[in-house]
Amino acid sequence: MGFLSQAQVTDYQKIIDSINQKKWDSTAIDLDSLSNPRIIDIKRIKKDSVKLNNTIVIVPGGDDSGPITPSSILTLPTLKRWFIFGQNSLVFNQSSFANWYAGGNNNIGVIGKANYNIVYKKDKHYLDNNIQLGYGFVSSTGQSTRKTDDYINIMTNYGYELAQHYYLSTGFQFLSQFTAGYNYSNTPDPVFDDRISKFMAPGYLNIGIGVSYNPNENFQVILRPANGKFTFVLDKKLQTAGNYGLERDGQSMRAELGAMLNVLYKIKLFKDATYVNQINFFTNYLQHSERVDINYSGSLNLKFNKYITTVVTLDLMYDHDQIQKLQRKQTLGVGITYNLGYKMERDSKSGIIKPFVN
């Protein structure tokens, strides 16, 4: 029977069996030896994360309300389009009284603020435009409507990456206000002729060049050893010597050349509370360089939910040429905040950009 079964194997069957055996030998795992192991590379994808090479994830919203720094943009992959992020807030204050023995006036107050960052980044080039606008008023029974907040702050900064965390920095800043301002202590019911300020009276323009150091998105130092500061007073009524640093009557512009140092430090107190510190120093090379102009701005942002936010601000300024006293402004308000545009997030440990929605 063995002889008969062997006789049934044809040459074609032998060829087929040989091919099958070779294929098996080429793919089979050697169970008796690990002398020639074959390692298969299996790519691991982190859960709820996206690993990118030359693209970028842009996600809506964002919890932080602090300024965007070069580190938060330049450390990301190539951005081939404009990046826009805006925060709009509207704060209401209202009080009413009826037969209130302790007394009081009915009043209503409104403050509106807008803060927009318009950024473009390509390779080592970085362009940042920041627009800050604010206006507020309060209306009380028996008194004229009074302004409580009024500012225009427009900044443009160009940066070029020189080395890790160091950038060539140049740009300008424009400061002014929308409407006329009054001293309500001296003129409780003022008219336009009682104004002490208005748009471009004063107006400030700072232009300079230097370097910036930005190791992370929470800390930034800008040093501009060549910085021009220009003060404009374009209202003839206010063009008097000593007013806003003017040196003579009828002067509409005062020019200063000096050095500027700006430091930004953002502190995240806890999940929905952020405090942003920003301080600016300027010294005039041409006249009384020992008199340093100091401008400090602090903002505490407390977020209750997506739309309700409490904002506490503190502004301190000392300018010897204007008034030899410390100037102070403080505001507190609870209101509606709405964010527009996009914000990018990156895992601080792995460097992987995370989607906003997990």
# chains A, B, ... in the order shown; residues from 1 in each chain; ligands from 1

$ residues_around --residues "A:Thr156" --least-positions-apart "6" --cutoff "7 Å" --atoms "only C-alpha atoms" --output "PyMOL selection string"
chain A and resi 128-130+171-173

$ write_last_selection --atoms "N, CA, C and O atoms" --output "compact mmCIF listing (two decimals), in the first residue's frame"
# COMPACT_ATOMS: atom_id res chain seq x y z
N ASP A 128 2.88 90.27 15.31
CA ASP A 128 1.80 90.27 16.29
C ASP A 128 1.15 91.65 16.32
O ASP A 128 1.82 92.67 16.51
N ASN A 129 -0.16 91.68 16.13
CA ASN A 129 -0.94 92.91 16.23
C ASN A 129 -1.96 92.74 17.35
O ASN A 129 -2.73 91.78 17.35
N ASN A 130 -1.95 93.66 18.30
CA ASN A 130 -2.86 93.58 19.44
C ASN A 130 -3.67 94.86 19.52
O ASN A 130 -3.12 95.97 19.52
N GLY A 171 8.84 97.40 16.76
CA GLY A 171 7.42 97.66 16.63
C GLY A 171 7.03 99.01 17.21
O GLY A 171 7.88 99.83 17.55
N PHE A 172 5.71 99.22 17.30
CA PHE A 172 5.21 100.50 17.82
C PHE A 172 3.98 100.26 18.67
O PHE A 172 3.32 99.21 18.61
N GLN A 173 3.66 101.26 19.49
CA GLN A 173 2.47 101.25 20.33
C GLN A 173 1.80 102.62 20.27
O GLN A 173 2.47 103.66 20.40

$ residues_around --residues "A:Arg291" --least-positions-apart "4" --cutoff "8 Å" --atoms "only C-alpha atoms" --output "number ranges by chain"
A: 283-284, 320

$ residues_around --residues "stretch 255-268 of chain A" --least-positions-apart "2" --cutoff "9 Å" --atoms "only C-alpha atoms" --output "compact mmCIF listing (two decimals) with all heavy atoms, in the first residue's frame"
# COMPACT_ATOMS: atom_id res chain seq x y z
N ASP A 64 -7.45 80.84 28.84
CA ASP A 64 -6.57 81.92 29.25
C ASP A 64 -6.92 83.20 28.52
O ASP A 64 -7.20 83.20 27.33
CB ASP A 64 -5.12 81.56 28.98
CG ASP A 64 -4.67 80.37 29.83
OD1 ASP A 64 -5.30 80.17 30.88
OD2 ASP A 64 -3.73 79.67 29.44
N GLY A 66 -4.81 85.98 28.87
CA GLY A 66 -3.59 86.78 28.86
C GLY A 66 -3.06 87.00 27.46
O GLY A 66 -3.51 86.38 26.50
N PRO A 67 -2.08 87.88 27.32
CA PRO A 67 -1.50 88.17 26.01
C PRO A 67 -0.84 86.95 25.39
O PRO A 67 -0.31 86.09 26.09
CB PRO A 67 -0.46 89.26 26.31
CG PRO A 67 -0.85 89.81 27.64
CD PRO A 67 -1.50 88.68 28.40
N GLY A 208 10.40 101.53 18.60
CA GLY A 208 11.74 101.14 19.03
C GLY A 208 12.19 99.83 18.42
O GLY A 208 11.45 99.14 17.72
N GLU A 217 5.19 80.75 27.47
CA GLU A 217 4.07 81.64 27.21
C GLU A 217 3.67 82.48 28.42
O GLU A 217 2.85 83.40 28.30
CB GLU A 217 2.87 80.84 26.73
CG GLU A 217 2.36 79.85 27.75
CD GLU A 217 1.17 79.06 27.24
OE1 GLU A 217 0.79 79.25 26.08
OE2 GLU A 217 0.64 78.25 28.00
N ASN A 218 4.25 82.21 29.60
CA ASN A 218 3.89 82.95 30.81
C ASN A 218 4.89 84.03 31.19
O ASN A 218 4.66 84.77 32.14
CB ASN A 218 3.74 81.97 31.98
CG ASN A 218 2.61 80.99 31.78
OD1 ASN A 218 1.55 81.35 31.29
ND2 ASN A 218 2.84 79.74 32.15
N PHE A 219 6.01 84.11 30.47
CA PHE A 219 7.05 85.08 30.84
C PHE A 219 7.68 85.65 29.58
O PHE A 219 8.02 84.91 28.65
CB PHE A 219 8.10 84.40 31.71
CG PHE A 219 9.17 85.33 32.19
CD1 PHE A 219 8.89 86.32 33.12
CD2 PHE A 219 10.47 85.22 31.71
CE1 PHE A 219 9.88 87.19 33.56
CE2 PHE A 219 11.46 86.08 32.15
CZ PHE A 219 11.16 87.06 33.07
N GLN A 220 7.84 86.97 29.58
CA GLN A 220 8.45 87.63 28.43
C GLN A 220 9.14 88.92 28.87
O GLN A 220 8.59 89.68 29.69
CB GLN A 220 7.39 87.95 27.37
CG GLN A 220 7.94 88.73 26.17
CD GLN A 220 6.86 89.01 25.14
OE1 GLN A 220 6.77 88.36 24.11
NE2 GLN A 220 6.01 89.99 25.42
N VAL A 221 10.33 89.16 28.34
CA VAL A 221 11.07 90.39 28.62
C VAL A 221 11.45 91.02 27.28
O VAL A 221 12.02 90.34 26.42
CB VAL A 221 12.34 90.13 29.45
CG1 VAL A 221 13.11 91.43 29.66
CG2 VAL A 221 11.98 89.50 30.79
N ILE A 222 11.10 92.29 27.10
CA ILE A 222 11.46 93.03 25.89
C ILE A 222 12.35 94.21 26.29
O ILE A 222 11.98 95.01 27.14
CB ILE A 222 10.22 93.56 25.15
CG1 ILE A 222 9.31 92.40 24.71
CG2 ILE A 222 10.62 94.38 23.93
CD1 ILE A 222 8.02 92.85 24.06
N LEU A 223 13.53 94.28 25.69
CA LEU A 223 14.46 95.38 25.95
C LEU A 223 14.73 96.10 24.63
O LEU A 223 15.20 95.49 23.66
CB LEU A 223 15.77 94.86 26.54
CG LEU A 223 16.88 95.91 26.73
CD1 LEU A 223 16.44 96.99 27.70
CD2 LEU A 223 18.17 95.25 27.19
N ARG A 224 14.42 97.39 24.61
CA ARG A 224 14.66 98.20 23.42
C ARG A 224 15.56 99.38 23.81
O ARG A 224 15.07 100.40 24.32
CB ARG A 224 13.35 98.69 22.81
CG ARG A 224 12.54 97.56 22.19
CD ARG A 224 11.24 98.03 21.60
NE ARG A 224 10.53 96.93 20.96
CZ ARG A 224 9.26 96.98 20.58
NH1 ARG A 224 8.56 98.09 20.78
NH2 ARG A 224 8.69 95.94 20.00
N PRO A 225 16.86 99.27 23.58
CA PRO A 225 17.77 100.36 23.95
C PRO A 225 17.60 101.59 23.07
O PRO A 225 18.08 102.66 23.44
CB PRO A 225 19.16 99.73 23.77
CG PRO A 225 18.94 98.61 22.81
CD PRO A 225 17.57 98.09 23.06
N ALA A 226 16.96 101.45 21.93
CA ALA A 226 16.67 102.60 21.07
C ALA A 226 15.16 102.68 20.92
O ALA A 226 14.54 101.91 20.18
CB ALA A 226 17.34 102.44 19.71
N ASN A 227 14.55 103.62 21.65
CA ASN A 227 13.10 103.74 21.65
C ASN A 227 12.69 105.21 21.64
O ASN A 227 13.16 106.00 22.47
CB ASN A 227 12.51 103.05 22.89
CG ASN A 227 11.00 102.90 22.81
OD1 ASN A 227 10.50 101.91 22.28
ND2 ASN A 227 10.26 103.87 23.32
N GLY A 228 11.85 105.56 20.71
CA GLY A 228 11.33 106.93 20.62
C GLY A 228 9.95 107.02 21.22
O GLY A 228 9.08 106.18 20.95
N LYS A 229 9.74 108.02 22.07
CA LYS A 229 8.44 108.25 22.70
C LYS A 229 7.94 109.62 22.29
O LYS A 229 8.60 110.64 22.51
CB LYS A 229 8.56 108.16 24.22
CG LYS A 229 7.24 108.38 24.96
CD LYS A 229 7.42 108.30 26.47
CE LYS A 229 6.13 108.56 27.20
NZ LYS A 229 6.31 108.50 28.68
N PHE A 230 6.75 109.66 21.68
CA PHE A 230 6.19 110.91 21.18
C PHE A 230 4.85 111.15 21.87
O PHE A 230 3.98 110.28 21.89
CB PHE A 230 5.99 110.84 19.66
CG PHE A 230 7.25 110.54 18.90
CD1 PHE A 230 7.63 109.23 18.62
CD2 PHE A 230 8.08 111.57 18.47
CE1 PHE A 230 8.79 108.95 17.94
CE2 PHE A 230 9.25 111.30 17.78
CZ PHE A 230 9.60 109.99 17.51
N THR A 231 4.71 112.36 22.43
CA THR A 231 3.47 112.77 23.10
C THR A 231 2.79 113.84 22.25
O THR A 231 3.38 114.87 21.94
CB THR A 231 3.75 113.32 24.50
OG1 THR A 231 4.45 112.33 25.27
CG2 THR A 231 2.46 113.69 25.21
N PHE A 232 1.53 113.59 21.87
CA PHE A 232 0.78 114.53 21.03
C PHE A 232 -0.33 115.17 21.86
O PHE A 232 -1.05 114.48 22.59
CB PHE A 232 0.15 113.80 19.84
CG PHE A 232 1.16 113.17 18.90
CD1 PHE A 232 1.57 111.86 19.10
CD2 PHE A 232 1.68 113.90 17.85
CE1 PHE A 232 2.49 111.27 18.25
CE2 PHE A 232 2.61 113.32 17.00
CZ PHE A 232 3.01 112.01 17.19
N MET A 253 3.56 118.63 20.08
CA MET A 253 4.22 117.34 20.17
C MET A 253 5.51 117.45 20.95
O MET A 253 6.26 118.40 20.79
CB MET A 253 4.51 116.77 18.77
CG MET A 253 5.10 115.36 18.80
SD MET A 253 5.77 114.82 17.20
CE MET A 253 7.29 115.77 17.16
N PHE A 270 -5.39 79.17 39.85
CA PHE A 270 -5.99 77.84 39.79
C PHE A 270 -6.71 77.73 38.45
O PHE A 270 -6.50 78.57 37.57
CB PHE A 270 -6.91 77.54 40.99
CG PHE A 270 -7.88 78.64 41.32
CD1 PHE A 270 -9.15 78.68 40.76
CD2 PHE A 270 -7.52 79.62 42.23
CE1 PHE A 270 -10.03 79.69 41.08
CE2 PHE A 270 -8.41 80.63 42.56
CZ PHE A 270 -9.67 80.67 41.97
N LYS A 271 -7.52 76.70 38.28
CA LYS A 271 -8.02 76.36 36.95
C LYS A 271 -8.65 77.53 36.21
O LYS A 271 -8.35 77.78 35.05
CB LYS A 271 -9.03 75.21 37.06
CG LYS A 271 -9.59 74.76 35.72
CD LYS A 271 -10.57 73.62 35.88
CE LYS A 271 -11.14 73.21 34.53
NZ LYS A 271 -12.15 72.11 34.67
N ASP A 272 -9.53 78.27 36.86
CA ASP A 272 -10.27 79.33 36.18
C ASP A 272 -9.94 80.71 36.73
O ASP A 272 -10.78 81.61 36.72
CB ASP A 272 -11.79 79.07 36.31
CG ASP A 272 -12.22 77.81 35.58
OD1 ASP A 272 -11.73 77.60 34.47
OD2 ASP A 272 -13.03 77.05 36.14
N ALA A 273 -8.73 80.89 37.21
CA ALA A 273 -8.29 82.18 37.73
C ALA A 273 -6.88 82.47 37.23
O ALA A 273 -5.95 81.69 37.48
CB ALA A 273 -8.32 82.21 39.25
N THR A 274 -6.73 83.58 36.52
CA THR A 274 -5.44 83.97 35.95
C THR A 274 -5.15 85.41 36.29
O THR A 274 -6.04 86.27 36.19
CB THR A 274 -5.44 83.79 34.42
OG1 THR A 274 -5.81 82.46 34.10
CG2 THR A 274 -4.07 84.09 33.84
N TYR A 275 -3.92 85.68 36.71
CA TYR A 275 -3.50 87.06 37.00
C TYR A 275 -2.35 87.42 36.06
O TYR A 275 -1.32 86.75 36.02
CB TYR A 275 -3.05 87.21 38.45
CG TYR A 275 -2.84 88.65 38.85
CD1 TYR A 275 -3.92 89.49 39.07
CD2 TYR A 275 -1.56 89.18 39.00
CE1 TYR A 275 -3.74 90.82 39.43
CE2 TYR A 275 -1.37 90.50 39.36
CZ TYR A 275 -2.46 91.32 39.57
OH TYR A 275 -2.28 92.63 39.90
N VAL A 276 -2.53 88.50 35.31
CA VAL A 276 -1.54 88.94 34.33
C VAL A 276 -0.88 90.22 34.82
O VAL A 276 -1.56 91.23 35.06
CB VAL A 276 -2.19 89.17 32.95
CG1 VAL A 276 -1.14 89.60 31.93
CG2 VAL A 276 -2.89 87.90 32.47
N ASN A 277 0.44 90.18 34.99
CA ASN A 277 1.22 91.35 35.39
C ASN A 277 1.99 91.86 34.18
O ASN A 277 2.62 91.08 33.46
CB ASN A 277 2.24 90.99 36.48
CG ASN A 277 1.58 90.53 37.76
OD1 ASN A 277 1.23 91.32 38.61
ND2 ASN A 277 1.39 89.22 37.88
N GLN A 278 1.98 93.17 33.98
CA GLN A 278 2.78 93.76 32.92
C GLN A 278 3.28 95.12 33.41
O GLN A 278 2.49 95.97 33.83
CB GLN A 278 1.96 93.93 31.63
CG GLN A 278 2.82 94.23 30.42
CD GLN A 278 2.09 93.95 29.11
OE1 GLN A 278 0.89 93.73 29.11
NE2 GLN A 278 2.80 93.94 28.02
N ILE A 279 4.61 95.30 33.36
CA ILE A 279 5.20 96.55 33.83
C ILE A 279 6.15 97.09 32.76
O ILE A 279 6.86 96.31 32.10
CB ILE A 279 5.92 96.36 35.18
CG1 ILE A 279 6.35 97.71 35.76
CG2 ILE A 279 7.09 95.40 35.06
CD1 ILE A 279 6.77 97.65 37.21
N ASN A 280 6.14 98.39 32.60
CA ASN A 280 6.92 99.03 31.55
C ASN A 280 7.75 100.17 32.16
O ASN A 280 7.24 100.98 32.96
CB ASN A 280 6.00 99.59 30.47
CG ASN A 280 6.76 100.07 29.25
OD1 ASN A 280 7.06 99.31 28.35
ND2 ASN A 280 7.07 101.36 29.22
N PHE A 281 9.05 100.21 31.81
CA PHE A 281 9.96 101.27 32.26
C PHE A 281 10.49 102.03 31.04
O PHE A 281 10.82 101.41 30.02
CB PHE A 281 11.14 100.70 33.04
CG PHE A 281 10.75 99.90 34.25
CD1 PHE A 281 10.58 98.53 34.16
CD2 PHE A 281 10.57 100.51 35.48
CE1 PHE A 281 10.23 97.78 35.26
CE2 PHE A 281 10.22 99.77 36.60
CZ PHE A 281 10.05 98.40 36.48
N PHE A 282 10.58 103.35 31.17
CA PHE A 282 11.17 104.15 30.09
C PHE A 282 12.02 105.26 30.71
O PHE A 282 11.60 105.94 31.66
CB PHE A 282 10.07 104.79 29.21
CG PHE A 282 10.61 105.71 28.16
CD1 PHE A 282 11.14 105.21 26.98
CD2 PHE A 282 10.63 107.10 28.35
CE1 PHE A 282 11.66 106.06 26.00
CE2 PHE A 282 11.13 107.95 27.40
CZ PHE A 282 11.65 107.42 26.21
N THR A 283 13.23 105.44 30.16
CA THR A 283 14.10 106.52 30.60
C THR A 283 14.54 107.33 29.39
O THR A 283 14.82 106.78 28.32
CB THR A 283 15.33 105.98 31.35
OG1 THR A 283 16.16 107.07 31.77
CG2 THR A 283 16.14 105.03 30.49
N ASN A 284 14.58 108.66 29.57
CA ASN A 284 14.91 109.58 28.49
C ASN A 284 16.42 109.86 28.49
O ASN A 284 16.97 110.36 29.47
CB ASN A 284 14.12 110.88 28.67
CG ASN A 284 14.29 111.83 27.50
OD1 ASN A 284 15.03 111.55 26.56
ND2 ASN A 284 13.59 112.95 27.55
N TYR A 285 17.10 109.51 27.37
CA TYR A 285 18.53 109.77 27.27
C TYR A 285 18.86 111.26 27.27
O TYR A 285 19.90 111.69 27.78
CB TYR A 285 19.10 109.16 25.98
CG TYR A 285 19.15 107.65 25.94
CD1 TYR A 285 18.91 106.97 24.75
CD2 TYR A 285 19.43 106.91 27.09
CE1 TYR A 285 18.97 105.59 24.70
CE2 TYR A 285 19.47 105.52 27.04
CZ TYR A 285 19.24 104.87 25.84
OH TYR A 285 19.29 103.50 25.79
N LEU A 286 17.99 112.06 26.67
CA LEU A 286 18.32 113.45 26.39
C LEU A 286 18.10 114.38 27.57
O LEU A 286 18.71 115.45 27.65
CB LEU A 286 17.48 113.95 25.19
CG LEU A 286 17.58 113.09 23.91
CD1 LEU A 286 16.68 113.67 22.82
CD2 LEU A 286 19.02 113.01 23.43
N GLN A 287 17.25 113.99 28.49
CA GLN A 287 16.89 114.92 29.57
C GLN A 287 16.49 114.14 30.82
O GLN A 287 15.55 113.34 30.78
CB GLN A 287 15.74 115.82 29.11
CG GLN A 287 15.54 117.05 29.96
CD GLN A 287 14.48 117.96 29.36
OE1 GLN A 287 13.50 117.49 28.79
NE2 GLN A 287 14.68 119.26 29.46
N SER A 289 17.77 111.54 32.69
CA SER A 289 17.68 110.09 32.50
C SER A 289 17.40 109.36 33.82
O SER A 289 17.00 108.20 33.81
CB SER A 289 18.98 109.56 31.88
OG SER A 289 20.09 109.88 32.70

$ closest_residue --among "A:His288, A:Arg146, A:Lys113, A:Arg248" --to "A:Gln132" --atoms "only C-alpha atoms"
A:Lys113

$ atom_distance --atom1 "atom CA of A:Leu332" --atom2 "atom CA of A:Thr310"
7.5 Å

$ select_by_dssp --residues "stretch 193-292 of chain A" --states "strand (DSSP E or B)" --output "JSON, numbers by chain"
{"A": [197, 198, 201, 203, 204, 205, 206, 207, 208, 209, 210, 211, 212, 213, 214, 215, 216, 219, 220, 221, 222, 223, 224, 225, 226, 227, 228, 229, 230, 231, 232, 253, 254, 255, 256, 257, 258, 259, 260, 261, 262, 263, 264, 265, 266, 267, 268, 269, 270, 273, 274, 275, 276, 277, 278, 279, 280, 281, 282, 283, 284, 292]}

$ atom_distance --atom1 "atom CA of A:Val233" --atom2 "atom CA of A:Gly250"
9.4 Å

$ closest_residue --among "A:Asn186, A:Asn105, A:Asn157, A:Thr170" --to "A:Tyr120" --atoms "only C-alpha atoms"
A:Asn157

$ residues_around --residues "stretch 312-314 of chain A" --least-positions-apart "2" --cutoff "10 Å" --atoms "only C-alpha atoms" --output "mmCIF file with all heavy atoms, in the first residue's frame"
data_model
loop_
_atom_site.group_PDB
_atom_site.id
_atom_site.type_symbol
_atom_site.label_atom_id
_atom_site.label_comp_id
_atom_site.auth_asym_id
_atom_site.auth_seq_id
_atom_site.Cartn_x
_atom_site.Cartn_y
_atom_site.Cartn_z
ATOM 1 N N TYR A 275 -3.916 85.679 36.707
ATOM 2 C CA TYR A 275 -3.498 87.059 36.999
ATOM 3 C C TYR A 275 -2.353 87.423 36.061
ATOM 4 O O TYR A 275 -1.322 86.745 36.022
ATOM 5 C CB TYR A 275 -3.051 87.207 38.452
ATOM 6 C CG TYR A 275 -2.838 88.654 38.853
ATOM 7 C CD1 TYR A 275 -3.921 89.491 39.075
ATOM 8 C CD2 TYR A 275 -1.559 89.178 38.997
ATOM 9 C CE1 TYR A 275 -3.739 90.816 39.433
ATOM 10 C CE2 TYR A 275 -1.369 90.499 39.357
ATOM 11 C CZ TYR A 275 -2.461 91.318 39.566
ATOM 12 O OH TYR A 275 -2.277 92.626 39.902
ATOM 13 N N VAL A 276 -2.528 88.501 35.309
ATOM 14 C CA VAL A 276 -1.545 88.937 34.325
ATOM 15 C C VAL A 276 -0.880 90.220 34.819
ATOM 16 O O VAL A 276 -1.564 91.227 35.060
ATOM 17 C CB VAL A 276 -2.193 89.173 32.948
ATOM 18 C CG1 VAL A 276 -1.136 89.600 31.933
ATOM 19 C CG2 VAL A 276 -2.893 87.902 32.469
ATOM 20 N N ASN A 277 0.438 90.179 34.991
ATOM 21 C CA ASN A 277 1.217 91.349 35.388
ATOM 22 C C ASN A 277 1.992 91.862 34.178
ATOM 23 O O ASN A 277 2.619 91.076 33.458
ATOM 24 C CB ASN A 277 2.238 90.991 36.478
ATOM 25 C CG ASN A 277 1.577 90.530 37.756
ATOM 26 O OD1 ASN A 277 1.226 91.320 38.609
ATOM 27 N ND2 ASN A 277 1.393 89.222 37.881
ATOM 28 N N TYR A 296 2.407 100.277 35.257
ATOM 29 C CA TYR A 296 2.076 98.904 35.658
ATOM 30 C C TYR A 296 0.608 98.617 35.371
ATOM 31 O O TYR A 296 -0.267 99.462 35.597
ATOM 32 C CB TYR A 296 2.349 98.681 37.147
ATOM 33 C CG TYR A 296 1.796 97.367 37.664
ATOM 34 C CD1 TYR A 296 2.488 96.168 37.449
ATOM 35 C CD2 TYR A 296 0.581 97.315 38.330
ATOM 36 C CE1 TYR A 296 1.979 94.968 37.900
ATOM 37 C CE2 TYR A 296 0.066 96.118 38.790
ATOM 38 C CZ TYR A 296 0.765 94.942 38.572
ATOM 39 O OH TYR A 296 0.252 93.756 39.009
ATOM 40 N N SER A 297 0.349 97.413 34.877
ATOM 41 C CA SER A 297 -1.020 96.975 34.615
ATOM 42 C C SER A 297 -1.197 95.559 35.145
ATOM 43 O O SER A 297 -0.420 94.656 34.809
ATOM 44 C CB SER A 297 -1.321 97.013 33.105
ATOM 45 O OG SER A 297 -2.613 96.498 32.847
ATOM 46 N N GLY A 298 -2.206 95.360 35.981
ATOM 47 C CA GLY A 298 -2.524 94.048 36.528
ATOM 48 C C GLY A 298 -3.972 93.698 36.258
ATOM 49 O O GLY A 298 -4.855 94.553 36.400
ATOM 50 N N SER A 299 -4.224 92.464 35.869
ATOM 51 C CA SER A 299 -5.589 92.037 35.528
ATOM 52 C C SER A 299 -5.846 90.657 36.112
ATOM 53 O O SER A 299 -5.133 89.698 35.795
ATOM 54 C CB SER A 299 -5.776 92.029 34.008
ATOM 55 O OG SER A 299 -7.057 91.546 33.666
ATOM 56 N N LEU A 300 -6.863 90.564 36.971
ATOM 57 C CA LEU A 300 -7.286 89.293 37.556
ATOM 58 C C LEU A 300 -8.569 88.853 36.872
ATOM 59 O O LEU A 300 -9.578 89.564 36.896
ATOM 60 C CB LEU A 300 -7.510 89.447 39.058
ATOM 61 C CG LEU A 300 -8.069 88.219 39.792
ATOM 62 C CD1 LEU A 300 -7.089 87.053 39.717
ATOM 63 C CD2 LEU A 300 -8.391 88.569 41.239
ATOM 64 N N ASN A 301 -8.527 87.684 36.245
ATOM 65 C CA ASN A 301 -9.670 87.153 35.510
ATOM 66 C C ASN A 301 -10.191 85.899 36.214
ATOM 67 O O ASN A 301 -9.464 84.908 36.350
ATOM 68 C CB ASN A 301 -9.269 86.799 34.077
ATOM 69 C CG ASN A 301 -8.792 88.007 33.301
ATOM 70 O OD1 ASN A 301 -9.567 88.719 32.681
ATOM 71 N ND2 ASN A 301 -7.481 88.243 33.337
ATOM 72 N N LEU A 302 -11.435 85.947 36.655
ATOM 73 C CA LEU A 302 -12.088 84.822 37.314
ATOM 74 C C LEU A 302 -13.230 84.362 36.425
ATOM 75 O O LEU A 302 -14.179 85.111 36.185
ATOM 76 C CB LEU A 302 -12.618 85.225 38.694
ATOM 77 C CG LEU A 302 -11.599 85.799 39.677
ATOM 78 C CD1 LEU A 302 -12.285 86.291 40.936
ATOM 79 C CD2 LEU A 302 -10.557 84.739 40.028
ATOM 80 N N THR A 310 -15.551 87.496 35.967
ATOM 81 C CA THR A 310 -15.256 88.656 36.818
ATOM 82 C C THR A 310 -13.851 89.143 36.500
ATOM 83 O O THR A 310 -12.905 88.346 36.473
ATOM 84 C CB THR A 310 -15.352 88.290 38.303
ATOM 85 O OG1 THR A 310 -16.702 87.968 38.631
ATOM 86 C CG2 THR A 310 -14.908 89.451 39.176
ATOM 87 N N LEU A 316 -1.281 101.439 37.534
ATOM 88 C CA LEU A 316 -0.476 102.415 38.257
ATOM 89 C C LEU A 316 0.489 103.073 37.280
ATOM 90 O O LEU A 316 1.078 102.386 36.436
ATOM 91 C CB LEU A 316 0.308 101.746 39.388
ATOM 92 C CG LEU A 316 -0.498 100.984 40.440
ATOM 93 C CD1 LEU A 316 0.443 100.240 41.391
ATOM 94 C CD2 LEU A 316 -1.407 101.923 41.218
ATOM 95 N N ARG A 328 -3.366 106.302 39.765
ATOM 96 C CA ARG A 328 -3.951 104.983 40.007
ATOM 97 C C ARG A 328 -5.350 104.901 39.405
ATOM 98 O O ARG A 328 -6.143 105.843 39.485
ATOM 99 C CB ARG A 328 -4.028 104.687 41.501
ATOM 100 C CG ARG A 328 -4.648 103.344 41.849
ATOM 101 C CD ARG A 328 -4.713 103.135 43.362
ATOM 102 N NE ARG A 328 -5.531 104.162 44.009
ATOM 103 C CZ ARG A 328 -6.863 104.088 44.135
ATOM 104 N NH1 ARG A 328 -7.524 103.053 43.654
ATOM 105 N NH2 ARG A 328 -7.518 105.049 44.754
ATOM 106 N N LYS A 329 -5.643 103.744 38.809
ATOM 107 C CA LYS A 329 -6.990 103.460 38.309
ATOM 108 C C LYS A 329 -7.308 102.003 38.615
ATOM 109 O O LYS A 329 -6.507 101.113 38.351
ATOM 110 C CB LYS A 329 -7.088 103.702 36.799
ATOM 111 C CG LYS A 329 -8.493 103.458 36.244
ATOM 112 C CD LYS A 329 -8.569 103.708 34.740
ATOM 113 C CE LYS A 329 -7.887 102.608 33.974
ATOM 114 N NZ LYS A 329 -8.108 102.712 32.507
ATOM 115 N N GLN A 330 -8.502 101.757 39.201
ATOM 116 C CA GLN A 330 -8.901 100.400 39.560
ATOM 117 C C GLN A 330 -10.341 100.172 39.120
ATOM 118 O O GLN A 330 -11.200 101.041 39.278
ATOM 119 C CB GLN A 330 -8.768 100.183 41.069
ATOM 120 C CG GLN A 330 -9.051 98.764 41.542
ATOM 121 C CD GLN A 330 -10.508 98.538 41.887
ATOM 122 O OE1 GLN A 330 -11.188 99.442 42.382
ATOM 123 N NE2 GLN A 330 -11.009 97.337 41.632
ATOM 124 N N THR A 331 -10.602 98.999 38.539
ATOM 125 C CA THR A 331 -11.959 98.658 38.112
ATOM 126 C C THR A 331 -12.284 97.233 38.547
ATOM 127 O O THR A 331 -11.391 96.389 38.681
ATOM 128 C CB THR A 331 -12.128 98.759 36.580
ATOM 129 O OG1 THR A 331 -11.277 97.793 35.940
ATOM 130 C CG2 THR A 331 -11.772 100.148 36.085
ATOM 131 N N LEU A 332 -13.569 96.994 38.786
ATOM 132 C CA LEU A 332 -14.071 95.669 39.119
ATOM 133 C C LEU A 332 -15.423 95.498 38.461
ATOM 134 O O LEU A 332 -16.269 96.389 38.515
ATOM 135 C CB LEU A 332 -14.173 95.481 40.632
ATOM 136 C CG LEU A 332 -14.639 94.096 41.142
ATOM 137 C CD1 LEU A 332 -14.025 93.794 42.499
ATOM 138 C CD2 LEU A 332 -16.165 94.019 41.247
ATOM 139 N N GLY A 333 -15.624 94.367 37.839
ATOM 140 C CA GLY A 333 -16.908 94.141 37.184
ATOM 141 C C GLY A 333 -17.179 92.676 36.925
ATOM 142 O O GLY A 333 -16.257 91.872 36.777
ATOM 143 N N VAL A 334 -18.473 92.346 36.936
ATOM 144 C CA VAL A 334 -18.928 91.004 36.578
ATOM 145 C C VAL A 334 -19.805 91.143 35.351
ATOM 146 O O VAL A 334 -20.728 91.963 35.333
ATOM 147 C CB VAL A 334 -19.711 90.348 37.734
ATOM 148 C CG1 VAL A 334 -20.206 88.964 37.323
ATOM 149 C CG2 VAL A 334 -18.869 90.275 38.987
#
